[in-house]
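Visitor: Dropping in upload_10.cif, with mmCIF, C-alpha atoms.
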```cif
data_work
loop_
_atom_site.label_atom_id
_atom_site.label_comp_id
_atom_site.auth_asym_id
_atom_site.auth_seq_id
_atom_site.Cartn_x
_atom_site.Cartn_y
_atom_site.Cartn_z
CA MET L 1 46.10 -8.50 15.51
CA ILE L 2 42.82 -9.62 14.03
CA ASN L 3 40.18 -6.93 14.01
CA LYS L 4 37.19 -7.46 11.77
CA ILE L 5 35.29 -4.49 13.18
CA VAL L 6 34.95 -1.80 10.53
CA ARG L 7 34.44 1.92 11.24
CA ASP L 8 31.60 2.76 8.92
CA MET L 9 29.27 1.55 6.20
CA ALA L 10 31.57 2.63 3.37
CA GLU L 11 34.31 0.39 4.74
CA ALA L 12 31.81 -2.44 5.26
CA MET L 13 30.66 -2.29 1.62
CA GLU L 14 34.02 -1.67 0.02
CA GLY L 15 34.67 -3.74 -3.09
CA VAL L 16 31.22 -5.23 -3.61
CA ALA L 17 31.38 -5.65 -7.39
CA ASP L 18 28.77 -5.37 -10.13
CA GLY L 19 27.40 -8.78 -11.04
CA SER L 20 27.85 -10.18 -7.51
CA THR L 21 25.67 -12.86 -6.01
CA VAL L 22 24.55 -11.41 -2.66
CA LEU L 23 23.08 -13.64 0.07
CA VAL L 24 20.74 -11.66 2.31
CA GLY L 25 19.84 -13.09 5.73
CA GLY L 26 16.51 -12.87 7.51
CA PHE L 27 13.08 -14.42 7.49
CA GLY L 28 10.50 -11.69 7.22
CA ALA L 29 11.79 -8.78 9.30
CA ALA L 30 13.48 -11.03 11.89
CA GLY L 31 17.23 -11.23 11.37
CA GLN L 32 17.15 -9.13 8.23
CA PRO L 33 20.23 -6.88 7.92
CA ASP L 34 18.27 -3.73 7.01
CA ASP L 35 21.16 -1.31 7.48
CA LEU L 36 23.52 -3.34 5.29
CA ILE L 37 20.87 -3.46 2.56
CA GLU L 38 20.65 0.34 2.77
CA GLY L 39 24.45 0.40 2.60
CA LEU L 40 24.40 -1.72 -0.54
CA ILE L 41 21.85 0.64 -2.12
CA GLU L 42 24.18 3.55 -1.28
CA GLN L 43 27.30 1.69 -2.47
CA GLY L 44 25.94 1.35 -5.99
CA ALA L 45 26.77 -2.23 -7.13
CA LYS L 46 24.42 -3.34 -9.90
CA ASP L 47 23.49 -6.38 -12.02
CA LEU L 48 23.16 -8.30 -8.76
CA THR L 49 21.75 -11.74 -8.07
CA ILE L 50 19.98 -11.63 -4.72
CA VAL L 51 19.44 -14.79 -2.66
CA ALA L 52 16.91 -14.31 0.13
CA ASN L 53 13.87 -16.15 1.46
CA ASN L 54 11.49 -13.37 0.39
CA ALA L 55 11.48 -10.89 -2.48
CA GLY L 56 11.11 -7.71 -0.43
CA THR L 57 8.05 -5.85 0.82
CA GLY L 58 6.89 -2.25 0.48
CA ARG L 59 9.27 0.08 -1.31
CA THR L 60 12.25 0.05 1.05
CA GLY L 61 15.18 -2.30 1.59
CA LEU L 62 15.37 -5.15 -0.93
CA ALA L 63 12.31 -3.80 -2.73
CA ARG L 64 14.07 -0.44 -3.14
CA LEU L 65 17.21 -2.14 -4.51
CA MET L 66 15.05 -3.95 -7.07
CA GLU L 67 13.06 -0.83 -7.93
CA LEU L 68 16.32 0.99 -8.68
CA GLY L 69 17.01 -1.64 -11.35
CA ARG L 70 20.07 -3.02 -9.58
CA VAL L 71 18.88 -6.61 -9.34
CA ARG L 72 19.07 -8.90 -12.36
CA LYS L 73 17.86 -12.05 -10.68
CA ILE L 74 16.29 -13.15 -7.41
CA ILE L 75 16.59 -16.64 -5.94
CA CYS L 76 14.03 -17.21 -3.18
CA SER L 77 11.41 -19.58 -1.77
CA PHE L 78 8.55 -17.16 -1.21
CA PRO L 79 8.48 -14.31 -3.75
CA ARG L 80 4.84 -13.38 -3.35
CA SER L 81 3.80 -12.19 0.07
CA VAL L 82 1.77 -9.37 1.51
CA GLY L 83 3.32 -6.15 0.20
CA SER L 84 5.70 -7.64 -2.41
CA VAL L 85 4.55 -4.93 -4.83
CA VAL L 86 7.89 -4.07 -6.44
CA PHE L 87 8.64 -7.72 -7.16
CA GLU L 88 5.21 -8.16 -8.77
CA GLU L 89 5.66 -5.09 -10.98
CA LEU L 90 9.18 -5.91 -12.16
CA TYR L 91 8.46 -9.59 -12.64
CA LYS L 92 5.34 -8.89 -14.66
CA ALA L 93 7.28 -6.40 -16.81
CA GLY L 94 9.92 -9.06 -17.50
CA ARG L 95 12.64 -7.02 -15.81
CA LEU L 96 13.58 -9.56 -13.15
CA GLU L 97 14.66 -13.18 -13.43
CA LEU L 98 13.24 -15.49 -10.79
CA GLU L 99 14.38 -18.85 -9.48
CA ILE L 100 12.00 -20.39 -6.97
CA VAL L 101 13.69 -22.85 -4.61
CA PRO L 102 12.02 -24.84 -1.83
CA GLN L 103 13.03 -23.28 1.48
CA GLY L 104 14.94 -26.26 2.86
CA THR L 105 16.70 -26.81 -0.46
CA LEU L 106 17.67 -23.14 -0.49
CA ALA L 107 19.24 -23.43 2.97
CA GLU L 108 20.98 -26.72 2.17
CA ARG L 109 22.38 -25.42 -1.15
CA MET L 110 24.11 -22.63 0.78
CA ARG L 111 25.22 -24.94 3.58
CA ALA L 112 26.69 -27.24 0.92
CA ALA L 113 28.53 -24.30 -0.68
CA GLY L 114 30.02 -23.37 2.68
CA ALA L 115 30.94 -26.99 3.40
CA GLY L 116 32.64 -27.64 0.06
CA VAL L 117 29.96 -30.00 -1.22
CA PRO L 118 29.25 -29.18 -4.88
CA ALA L 119 25.87 -30.92 -5.12
CA PHE L 120 23.52 -33.23 -3.24
CA PHE L 121 20.38 -35.31 -3.78
CA THR L 122 17.12 -34.52 -2.02
CA PRO L 123 13.60 -35.96 -2.20
CA THR L 124 12.22 -32.41 -2.02
CA ALA L 125 10.64 -31.37 -5.34
CA ALA L 126 11.03 -34.81 -6.95
CA GLY L 127 8.10 -35.36 -9.32
CA THR L 128 7.08 -31.68 -9.16
CA ARG L 129 7.45 -28.71 -11.46
CA LEU L 130 10.43 -27.44 -9.44
CA GLY L 131 12.20 -30.76 -9.99
CA GLN L 132 11.86 -30.63 -13.76
CA GLY L 133 15.11 -30.58 -15.74
CA LYS L 134 17.14 -31.73 -12.75
CA GLU L 135 19.11 -34.96 -12.67
CA GLU L 136 16.99 -37.60 -10.97
CA ARG L 137 18.15 -40.71 -9.09
CA GLU L 138 16.46 -43.27 -6.94
CA PHE L 139 17.76 -43.95 -3.42
CA ASN L 140 16.04 -46.42 -1.07
CA GLY L 141 13.23 -46.76 -3.59
CA ARG L 142 12.44 -43.04 -3.65
CA PRO L 143 13.13 -40.53 -6.44
CA HIS L 144 15.52 -37.70 -5.57
CA VAL L 145 16.68 -34.66 -7.53
CA MET L 146 20.20 -33.29 -7.69
CA GLU L 147 20.63 -29.77 -6.37
CA LEU L 148 23.75 -27.64 -6.82
CA ALA L 149 25.57 -25.75 -4.10
CA LEU L 150 24.73 -22.05 -4.05
CA PRO L 151 27.79 -19.97 -3.15
CA GLY L 152 27.68 -16.20 -2.69
CA ASP L 153 30.21 -13.54 -3.51
CA VAL L 154 28.87 -11.54 -0.59
CA ALA L 155 26.67 -12.35 2.41
CA LEU L 156 24.82 -9.69 4.38
CA VAL L 157 24.15 -10.98 7.89
CA GLU L 158 22.41 -9.68 11.00
CA ALA L 159 23.83 -10.80 14.35
CA TRP L 160 23.13 -9.91 17.96
CA GLU L 161 26.63 -9.92 19.50
CA ALA L 162 29.99 -9.94 17.76
CA ASP L 163 33.64 -9.71 18.89
CA ARG L 164 36.67 -8.53 16.92
CA TRP L 165 37.40 -12.05 15.68
CA GLY L 166 33.94 -12.12 14.11
CA ASN L 167 32.41 -14.67 16.47
CA LEU L 168 28.65 -14.23 16.41
CA THR L 169 25.50 -14.89 18.39
CA PHE L 170 21.99 -14.36 17.13
CA ARG L 171 18.79 -13.33 18.85
CA ARG L 172 15.99 -15.91 19.02
CA SER L 173 14.48 -16.77 15.62
CA GLY L 174 16.55 -13.98 14.04
CA ARG L 175 19.17 -16.69 13.49
CA ASN L 176 17.33 -18.32 10.53
CA PHE L 177 19.39 -18.11 7.30
CA ASN L 178 22.18 -15.94 8.77
CA PRO L 179 24.70 -18.60 9.94
CA VAL L 180 24.21 -20.60 6.73
CA MET L 181 24.81 -17.57 4.52
CA ALA L 182 27.81 -16.49 6.60
CA MET L 183 29.59 -19.74 5.69
CA ALA L 184 28.58 -19.71 2.01
CA ALA L 185 30.05 -16.39 0.82
CA LYS L 186 33.55 -15.21 -0.09
CA LEU L 187 32.93 -11.92 1.71
CA THR L 188 30.67 -12.03 4.78
CA ILE L 189 29.60 -8.65 6.10
CA VAL L 190 27.80 -8.54 9.46
CA GLN L 191 25.76 -5.90 11.19
CA ALA L 192 25.80 -6.57 14.93
CA GLU L 193 23.65 -4.96 17.58
CA ARG L 194 26.42 -5.25 20.18
CA ILE L 195 30.20 -5.41 19.94
CA VAL L 196 31.72 -7.22 22.92
CA GLU L 197 35.27 -7.89 24.15
CA LEU L 198 37.08 -10.93 22.81
CA GLY L 199 36.20 -13.77 25.20
CA ALA L 200 32.93 -12.20 26.32
CA ILE L 201 31.07 -14.68 24.13
CA GLU L 202 31.93 -18.02 25.76
CA GLY L 203 33.21 -20.64 23.33
CA GLU L 204 30.12 -22.77 23.97
CA GLN L 205 27.86 -19.84 23.11
CA VAL L 206 29.44 -18.94 19.77
CA VAL L 207 26.95 -19.80 17.03
CA THR L 208 28.94 -18.65 14.00
CA PRO L 209 32.71 -18.94 14.54
CA GLY L 210 34.69 -15.96 13.27
CA ILE L 211 36.35 -17.98 10.52
CA PHE L 212 33.15 -17.48 8.48
CA VAL L 213 33.11 -13.69 9.01
CA ASP L 214 35.10 -10.94 7.28
CA ARG L 215 33.68 -7.60 8.42
CA VAL L 216 31.53 -6.49 11.36
CA LEU L 217 29.73 -3.18 11.59
CA ASN L 218 28.13 -2.12 14.86
CA VAL L 219 24.53 -1.07 14.18
CA LYS L 220 22.34 -0.28 17.17
CA ARG L 221 18.84 -0.19 15.91
CA GLY L 222 16.52 -2.17 18.16
CA ALA L 223 13.65 -4.19 16.81
CA PRO L 224 12.29 -3.77 13.29
CA TRP L 225 9.08 -2.49 14.79
CA GLY L 226 10.53 -0.24 17.40
CA GLU L 227 11.23 -2.20 20.59
CA ALA L 228 14.18 -0.72 22.50
CA SER L 229 17.39 -2.65 21.85
CA ALA L 230 18.56 -2.71 25.46
CA ALA L 231 16.61 -5.81 26.43
CA MET P 232 -26.62 -31.82 7.74
CA GLU P 233 -24.14 -31.01 10.46
CA THR P 234 -20.53 -30.51 9.39
CA TRP P 235 -17.44 -29.87 11.49
CA SER P 236 -16.38 -26.24 12.01
CA ARG P 237 -12.73 -25.28 11.61
CA THR P 238 -12.34 -25.41 15.38
CA GLN P 239 -13.92 -28.87 15.54
CA MET P 240 -11.67 -30.09 12.71
CA ALA P 241 -8.63 -28.80 14.61
CA ALA P 242 -9.82 -30.47 17.82
CA ARG P 243 -10.50 -33.73 15.95
CA ALA P 244 -6.95 -33.75 14.50
CA ALA P 245 -5.36 -32.73 17.83
CA GLN P 246 -7.04 -35.70 19.51
CA ASP P 247 -5.05 -38.03 17.21
CA ILE P 248 -1.60 -36.60 18.05
CA PRO P 249 0.11 -38.74 20.71
CA ASP P 250 2.16 -37.48 23.63
CA GLY P 251 5.77 -36.76 22.71
CA TRP P 252 5.42 -36.08 19.01
CA TYR P 253 7.39 -33.31 17.27
CA CYS P 254 4.96 -31.54 14.96
CA ASN P 255 5.03 -28.85 12.32
CA LEU P 256 1.66 -27.19 11.77
CA GLY P 257 1.30 -25.47 8.40
CA ILE P 258 0.14 -21.89 7.94
CA GLY P 259 -3.63 -21.37 8.06
CA MET P 260 -6.10 -23.95 9.36
CA PRO P 261 -3.51 -26.43 10.71
CA THR P 262 -2.18 -23.72 13.07
CA LEU P 263 -5.49 -23.98 15.00
CA ILE P 264 -4.54 -27.50 16.12
CA ALA P 265 -2.07 -26.01 18.63
CA ASP P 266 -4.96 -24.65 20.72
CA HIS P 267 -6.60 -28.07 21.01
CA ILE P 268 -3.82 -30.40 22.18
CA PRO P 269 -5.48 -32.35 25.03
CA GLU P 270 -4.44 -31.44 28.58
CA GLY P 271 -1.46 -33.41 29.83
CA ARG P 272 -0.02 -34.24 26.42
CA GLU P 273 3.39 -32.81 25.54
CA VAL P 274 3.52 -32.10 21.82
CA VAL P 275 6.58 -30.14 20.71
CA LEU P 276 5.85 -27.65 17.95
CA HIS P 277 8.45 -26.99 15.25
CA SER P 278 8.57 -23.86 13.13
CA GLU P 279 10.69 -24.05 9.98
CA ASN P 280 12.33 -20.67 10.65
CA GLY P 281 14.28 -22.29 13.47
CA ILE P 282 12.17 -22.96 16.55
CA LEU P 283 11.38 -26.13 18.52
CA GLY P 284 9.01 -25.81 21.44
CA MET P 285 7.09 -22.91 19.98
CA GLY P 286 4.48 -21.45 22.34
CA PRO P 287 1.33 -19.42 21.71
CA ALA P 288 1.13 -15.75 20.69
CA PRO P 289 2.40 -13.37 23.39
CA GLU P 290 0.17 -10.92 25.26
CA LYS P 291 -0.30 -7.62 23.50
CA GLY P 292 2.72 -5.41 24.12
CA LYS P 293 5.02 -8.38 24.84
CA GLU P 294 5.86 -9.18 21.21
CA ASP P 295 9.53 -9.71 20.35
CA ALA P 296 10.48 -8.76 16.78
CA TRP P 297 13.05 -11.58 16.75
CA LEU P 298 10.55 -14.27 17.74
CA ILE P 299 8.13 -15.04 14.94
CA ASN P 300 6.67 -18.19 13.39
CA ALA P 301 6.73 -19.35 9.76
CA GLY P 302 3.66 -17.19 9.10
CA LYS P 303 5.70 -14.24 10.45
CA GLN P 304 3.38 -13.75 13.43
CA PRO P 305 4.82 -13.07 16.90
CA VAL P 306 5.02 -16.19 19.08
CA THR P 307 6.67 -17.31 22.35
CA LEU P 308 9.11 -20.04 23.33
CA HIS P 309 8.00 -22.87 25.62
CA PRO P 310 10.41 -23.74 28.48
CA GLY P 311 12.75 -26.36 26.98
CA GLY P 312 12.44 -24.81 23.55
CA SER P 313 15.39 -24.06 21.31
CA TYR P 314 16.55 -22.01 18.33
CA PHE P 315 18.65 -23.19 15.38
CA HIS P 316 19.51 -22.07 11.86
CA HIS P 317 17.59 -22.86 8.68
CA ALA P 318 19.79 -25.73 7.48
CA ASP P 319 19.39 -27.52 10.83
CA SER P 320 15.68 -26.77 10.82
CA PHE P 321 15.21 -28.45 7.46
CA ALA P 322 17.56 -31.27 8.47
CA MET P 323 14.97 -32.02 11.17
CA ILE P 324 12.32 -32.09 8.47
CA ARG P 325 14.15 -33.85 5.62
CA GLY P 326 15.99 -36.15 8.00
CA GLY P 327 12.69 -37.63 9.15
CA HIS P 328 12.91 -36.29 12.72
CA ILE P 329 9.60 -34.45 12.59
CA ASP P 330 6.89 -36.99 13.49
CA LEU P 331 4.06 -35.12 11.83
CA CYS P 332 3.40 -32.23 9.53
CA VAL P 333 -0.14 -31.00 8.99
CA LEU P 334 -0.63 -29.04 5.78
CA GLY P 335 -3.49 -27.25 4.10
CA ALA P 336 -4.16 -28.42 0.54
CA PHE P 337 -5.90 -27.49 -2.69
CA GLU P 338 -6.12 -31.16 -3.64
CA VAL P 339 -5.16 -34.57 -2.25
CA ALA P 340 -5.20 -37.65 -4.47
CA ASP P 341 -6.08 -41.16 -3.34
CA ASN P 342 -2.44 -42.24 -3.72
CA GLY P 343 -1.33 -39.51 -1.28
CA ASP P 344 -0.20 -36.94 -3.86
CA ILE P 345 -0.68 -33.40 -2.56
CA ALA P 346 -1.07 -30.08 -4.38
CA ASN P 347 -0.93 -27.04 -2.11
CA TRP P 348 1.40 -24.40 -3.55
CA ALA P 349 0.39 -23.30 -7.04
CA THR P 350 -3.13 -22.85 -8.32
CA SER P 351 -2.40 -23.39 -12.01
CA GLU P 352 0.30 -24.53 -14.41
CA ASN P 353 0.38 -20.98 -15.78
CA ASP P 354 1.15 -19.31 -12.47
CA SER P 355 4.84 -18.55 -13.02
CA ALA P 356 5.75 -17.08 -9.64
CA PRO P 357 3.92 -18.98 -6.92
CA ALA P 358 5.42 -19.03 -3.43
CA VAL P 359 6.51 -22.51 -2.36
CA GLY P 360 8.15 -21.67 0.97
CA GLY P 361 8.82 -24.84 2.95
CA ALA P 362 5.81 -26.81 1.67
CA MET P 363 7.75 -29.18 -0.60
CA ASP P 364 10.40 -29.90 2.04
CA LEU P 365 7.75 -30.59 4.67
CA ALA P 366 5.60 -32.77 2.42
CA ALA P 367 8.57 -34.83 1.21
CA GLY P 368 10.48 -34.95 4.48
CA ALA P 369 8.25 -35.28 7.53
CA LYS P 370 7.74 -38.79 8.92
CA ARG P 371 4.01 -38.43 8.23
CA VAL P 372 1.92 -35.80 6.53
CA TRP P 373 -1.72 -35.10 7.27
CA ALA P 374 -3.81 -32.72 5.21
CA MET P 375 -6.46 -30.51 6.78
CA MET P 376 -8.90 -28.88 4.40
CA GLU P 377 -12.48 -28.21 3.39
CA HIS P 378 -13.87 -31.26 1.62
CA THR P 379 -14.82 -29.23 -1.48
CA THR P 380 -13.96 -25.86 -3.01
CA LYS P 381 -16.23 -22.87 -2.36
CA ASP P 382 -18.12 -23.66 -5.56
CA GLY P 383 -18.56 -27.30 -4.57
CA ARG P 384 -15.84 -29.06 -6.57
CA PRO P 385 -14.25 -32.08 -4.86
CA LYS P 386 -10.76 -31.56 -3.45
CA LEU P 387 -10.20 -35.27 -2.81
CA VAL P 388 -9.51 -36.68 -6.25
CA GLU P 389 -8.05 -39.59 -8.22
CA GLY P 390 -5.21 -37.46 -9.60
CA CYS P 391 -4.30 -33.89 -8.74
CA SER P 392 -4.96 -31.33 -11.47
CA TYR P 393 -2.92 -28.58 -9.78
CA PRO P 394 0.91 -28.69 -9.75
CA LEU P 395 2.14 -31.23 -7.19
CA THR P 396 3.84 -30.32 -3.92
CA ALA P 397 4.96 -33.91 -3.34
CA MET P 398 4.16 -37.43 -4.52
CA LYS P 399 2.54 -40.04 -2.26
CA ALA P 400 3.07 -37.92 0.84
CA VAL P 401 -0.27 -37.69 2.64
CA SER P 402 -1.38 -40.50 4.93
CA ARG P 403 -4.48 -38.92 6.46
CA VAL P 404 -6.99 -36.19 5.63
CA TYR P 405 -9.16 -34.16 8.01
CA THR P 406 -12.03 -32.32 6.32
CA ASN P 407 -15.21 -30.62 7.51
CA LEU P 408 -17.09 -33.81 6.58
CA ALA P 409 -14.83 -36.73 7.43
CA VAL P 410 -11.51 -38.20 8.51
CA LEU P 411 -9.93 -40.39 5.84
CA GLU P 412 -6.84 -42.57 5.68
CA VAL P 413 -4.85 -42.93 2.47
CA THR P 414 -4.32 -46.68 1.97
CA ASP P 415 -2.98 -48.90 -0.80
CA ARG P 416 -6.60 -49.23 -1.92
CA GLY P 417 -7.25 -45.47 -1.89
CA PHE P 418 -9.25 -43.39 0.59
CA ALA P 419 -10.64 -45.23 3.61
CA VAL P 420 -13.24 -43.40 5.73
CA LEU P 421 -12.32 -43.47 9.43
CA ASP P 422 -14.92 -41.07 10.77
CA LEU P 423 -17.84 -38.98 9.56
CA ALA P 424 -19.13 -35.66 10.92
CA PRO P 425 -22.48 -36.09 12.66
CA GLY P 426 -25.28 -36.24 10.13
CA VAL P 427 -22.99 -36.82 7.15
CA THR P 428 -23.77 -40.06 5.35
CA LEU P 429 -21.35 -42.17 3.36
CA ASP P 430 -23.54 -41.64 0.30
CA HIS P 431 -23.26 -37.90 0.65
CA LEU P 432 -19.49 -38.13 1.16
CA ARG P 433 -19.22 -40.21 -2.03
CA SER P 434 -21.18 -37.56 -3.93
CA VAL P 435 -18.64 -34.84 -3.05
CA THR P 436 -15.48 -36.94 -3.44
CA ALA P 437 -13.90 -37.57 -6.85
CA ALA P 438 -12.29 -40.87 -5.86
CA PRO P 439 -13.58 -44.24 -4.60
CA LEU P 440 -14.15 -44.52 -0.83
CA HIS P 441 -13.85 -47.56 1.43
CA ASP P 442 -15.70 -47.66 4.70
CA ALA P 443 -13.23 -48.33 7.50
CA ARG P 444 -15.22 -46.95 10.42
CA GLU P 445 -15.12 -49.00 13.60
CA THR P 446 -18.89 -49.26 13.46
CA ALA P 447 -18.85 -50.46 9.85
CA GLY P 448 -19.54 -54.07 9.07
CA ALA P 449 -16.62 -56.22 7.90
#
```
Take the structure in the file and write it out as structure tokens.
Guide:
Amino acid sequence: MINKIVRDMAEAMEGVADGSTVLVGGFGAAGQPDDLIEGLIEQGAKDLTIVANNAGTGRTGLARLMELGRVRKIICSFPRSVGSVVFEELYKAGRLELEIVPQGTLAERMRAAGAGVPAFFTPTAAGTRLGQGKEEREFNGRPHVMELALPGDVALVEAWEADRWGNLTFRRSGRNFNPVMAMAAKLTIVQAERIVELGAIEGEQVVTPGIFVDRVLNVKRGAPWGEASAA
Amino acid sequence: METWSRTQMAARAAQDIPDGWYCNLGIGMPTLIADHIPEGREVVLHSENGILGMGPAPEKGKEDAWLINAGKQPVTLHPGGSYFHHADSFAMIRGGHIDLCVLGAFEVADNGDIANWATSENDSAPAVGGAMDLAAGAKRVWAMMEHTTKDGRPKLVEGCSYPLTAMKAVSRVYTNLAVLEVTDRGFAVLDLAPGVTLDHLRSVTAAPLHDARETAGA
């Protein structure tokens, strides 16, 4: 019998190795797997490469992981935002590598990894600083740059509903990077607000099919800023 | 001399968006355009974090933590709206499905080059977000910006001095002084704010201007 539901955080995080590339879902606070990030902090893996849209805010979550010196490199589109204090400090001190990737290229590099496409050409960043050093080719009279697939060893994903096969739904704009990251990693770990019976998510409603998911942890937490979860 | 306020600039740009267009409005000034879409026109707003048919901010107390825009502010979903993941969202952009993107800019050059993400070559960690994807991918890109910097330097130039966001991307510019089209011959003036003369506009623009106003002589 397939059962991807795990009992606790320790089981969810088991085997995350030092040196892993970890894809972290979310866009701002929406769809960010806060509990799994805490679990990763607890678990202890270090020398990590983190792929996320933002580089953490305040001193909790991703920022905490970085402050503890566990992150070697961050790959993101928007490192500097309100409250990205830890990133600023570490980056200035030369203790954090940074790769800035345009947001759509970031998403497509992970989609490509999940789809078995090793590289692709995009017009995004052609002729700009972020396109420098990349192979360039002209298609339909326009310059394009080659971008490489970005696979993860681990993906941390936030979902709304999940069943024991790992089929997932997402809530509103909390979907964002989560389905793309789920398909791009060797080990996809999900925190889901609700666990439902197999079949309760209709086939048409499944957003991420369970084939992309390895472990599901039930985390009832409600909204990042306190709205009750039973909506 | 009377110049356009930010609200008037937004209203002026909104007036030029036809019924049925799918639009992405950049963070900052372009966001204001949403409040000025003329009555009876259906313009579908796209947000790069996975929303089509984005509606205005919710009433206080009705915010949903899972429903935010690209600026991470709470928003609502218009009936008929939809959610999708980031790769699909940028497929809409890069695939040329988004009719219009309006971006803020530090500089726009008279060949359509735009610089709006990094303020100097030495800034090693600027945040690019979706700006490069939008500028390179949308069917058309308009820039909405003050005509000069706070200390009076022209922002419409012959070649951008700041790091580029995209090459030859912008087709139209809305400023507090004028509306300009980017043509093969450079900037063409379509409209001037009341009381702004072409001579004055030339004095605060670092690129040649052609008069293309309807009232202008041939």
Visitor: Counting only C-alpha atoms, a student should be able to say which residues of chain L come within 6 Å of chain P; what is the right answer, written as a ChimeraX atom specification?
Guide: /L:30,77-80,102-104,107-108,124-125,128,172-177,223
Visitor: Exactly which residues make up the result of the PyMOL selection byres ((chain P and resi 439) around 12) on this file, given as number ranges by chain?
Guide: P: 340-342, 387-390, 411, 413-414, 416-420, 429-430, 432-438, 440-442
Visitor: Save the residues we just selected, C-alpha atoms, as a short mmCIF file (atom, residue, chain, number, x, y, z; two decimals), in the frame of the given file?
Guide:
```
data_model
loop_
_atom_site.label_atom_id
_atom_site.label_comp_id
_atom_site.auth_asym_id
_atom_site.auth_seq_id
_atom_site.Cartn_x
_atom_site.Cartn_y
_atom_site.Cartn_z
CA ALA P 340 -5.20 -37.65 -4.47
CA ASP P 341 -6.08 -41.16 -3.34
CA ASN P 342 -2.44 -42.24 -3.72
CA LEU P 387 -10.20 -35.27 -2.81
CA VAL P 388 -9.51 -36.68 -6.25
CA GLU P 389 -8.05 -39.59 -8.22
CA GLY P 390 -5.21 -37.46 -9.60
CA LEU P 411 -9.93 -40.39 5.84
CA VAL P 413 -4.85 -42.93 2.47
CA THR P 414 -4.32 -46.68 1.97
CA ARG P 416 -6.60 -49.23 -1.92
CA GLY P 417 -7.25 -45.47 -1.89
CA PHE P 418 -9.25 -43.39 0.59
CA ALA P 419 -10.64 -45.23 3.61
CA VAL P 420 -13.24 -43.40 5.73
CA LEU P 429 -21.35 -42.17 3.36
CA ASP P 430 -23.54 -41.64 0.30
CA LEU P 432 -19.49 -38.13 1.16
CA ARG P 433 -19.22 -40.21 -2.03
CA SER P 434 -21.18 -37.56 -3.93
CA VAL P 435 -18.64 -34.84 -3.05
CA THR P 436 -15.48 -36.94 -3.44
CA ALA P 437 -13.90 -37.57 -6.85
CA ALA P 438 -12.29 -40.87 -5.86
CA LEU P 440 -14.15 -44.52 -0.83
CA HIS P 441 -13.85 -47.56 1.43
CA ASP P 442 -15.70 -47.66 4.70
#
```
Visitor: Once 5 Å is added on each side, what centre and edge lengths in Å to one decimal does the axis-aligned box around all listed atoms of stretch 175-181 of chain L have, as lines of an AutoDock Vina configuration file?
Guide:
```
center_x = 21.1
center_y = -18.3
center_z = 9.0
size_x = 17.5
size_y = 14.7
size_z = 19.0
```
Visitor: Spell out the residues picked by the PyMOL selection byres ((chain P and resi 237-245) around 6) here, as a VMD selection string.
Guide: chain P and resid 235 to 236 246 to 248 263 to 264 267 to 268
Visitor: Report, in Å to a single decimal, how far apart atom CA of P:Thr380 and atom CA of P:Ala336 are.
Guide: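 Answer for the atom CA of P:Ala336 to atom CA of P:Thr380 separation: 10.7 Å.
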Visitor: Please write the residues picked by the PyMOL selection byres ((chain L and resi 69) around 12) on this file as a list in words.
Guide: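 Evaluating the PyMOL selection byres ((chain L and resi 69) around 12) on these coordinates yields Ile41, Gly44, Ala45, Lys46, Asp47, Leu48, Thr49, Leu62, Ala63, Arg64, Leu65, Met66, Glu67, Leu68, Arg70, Val71, Arg72, Lys73, Val86, Phe87, Glu89, Leu90, Tyr91, Gly94, Arg95, Leu96 and Glu97 of chain L.
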Visitor: Is there a way to get, as an mmCIF file with C-alpha atoms, in the coordinates of the input, all residues within 12 Å of the point (20.3, -37.6, 0.4) in file coordinates, counting all atoms listed in the file?
Guide:
```cif
data_model
loop_
_atom_site.group_PDB
_atom_site.id
_atom_site.type_symbol
_atom_site.label_atom_id
_atom_site.label_comp_id
_atom_site.auth_asym_id
_atom_site.auth_seq_id
_atom_site.Cartn_x
_atom_site.Cartn_y
_atom_site.Cartn_z
ATOM 1 C CA THR L 105 16.700 -26.810 -0.460
ATOM 2 C CA GLU L 108 20.980 -26.720 2.170
ATOM 3 C CA ALA L 119 25.870 -30.920 -5.120
ATOM 4 C CA PHE L 120 23.520 -33.230 -3.240
ATOM 5 C CA PHE L 121 20.380 -35.310 -3.780
ATOM 6 C CA THR L 122 17.120 -34.520 -2.020
ATOM 7 C CA PRO L 123 13.600 -35.960 -2.200
ATOM 8 C CA THR L 124 12.220 -32.410 -2.020
ATOM 9 C CA GLU L 136 16.990 -37.600 -10.970
ATOM 10 C CA ARG L 137 18.150 -40.710 -9.090
ATOM 11 C CA GLU L 138 16.460 -43.270 -6.940
ATOM 12 C CA PHE L 139 17.760 -43.950 -3.420
ATOM 13 C CA ASN L 140 16.040 -46.420 -1.070
ATOM 14 C CA ARG L 142 12.440 -43.040 -3.650
ATOM 15 C CA PRO L 143 13.130 -40.530 -6.440
ATOM 16 C CA HIS L 144 15.520 -37.700 -5.570
ATOM 17 C CA VAL L 145 16.680 -34.660 -7.530
ATOM 18 C CA MET L 146 20.200 -33.290 -7.690
ATOM 19 C CA GLU L 147 20.630 -29.770 -6.370
ATOM 20 C CA ALA P 322 17.560 -31.270 8.470
ATOM 21 C CA ARG P 325 14.150 -33.850 5.620
ATOM 22 C CA GLY P 326 15.990 -36.150 8.000
ATOM 23 C CA GLY P 327 12.690 -37.630 9.150
ATOM 24 C CA GLY P 368 10.480 -34.950 4.480
#
```
Visitor: Report as an MDAnalysis selection string all protein, DNA and RNA residues lying within 10 Å of stretch 195-209 of chain L, evaluated on only C-alpha atoms, omitting residues in the same chain fewer than 5 positions from it.
Guide: (chainID L and resid 5 159:170 175 178:180 182:183 216:220) or (chainID P and resid 315:316)
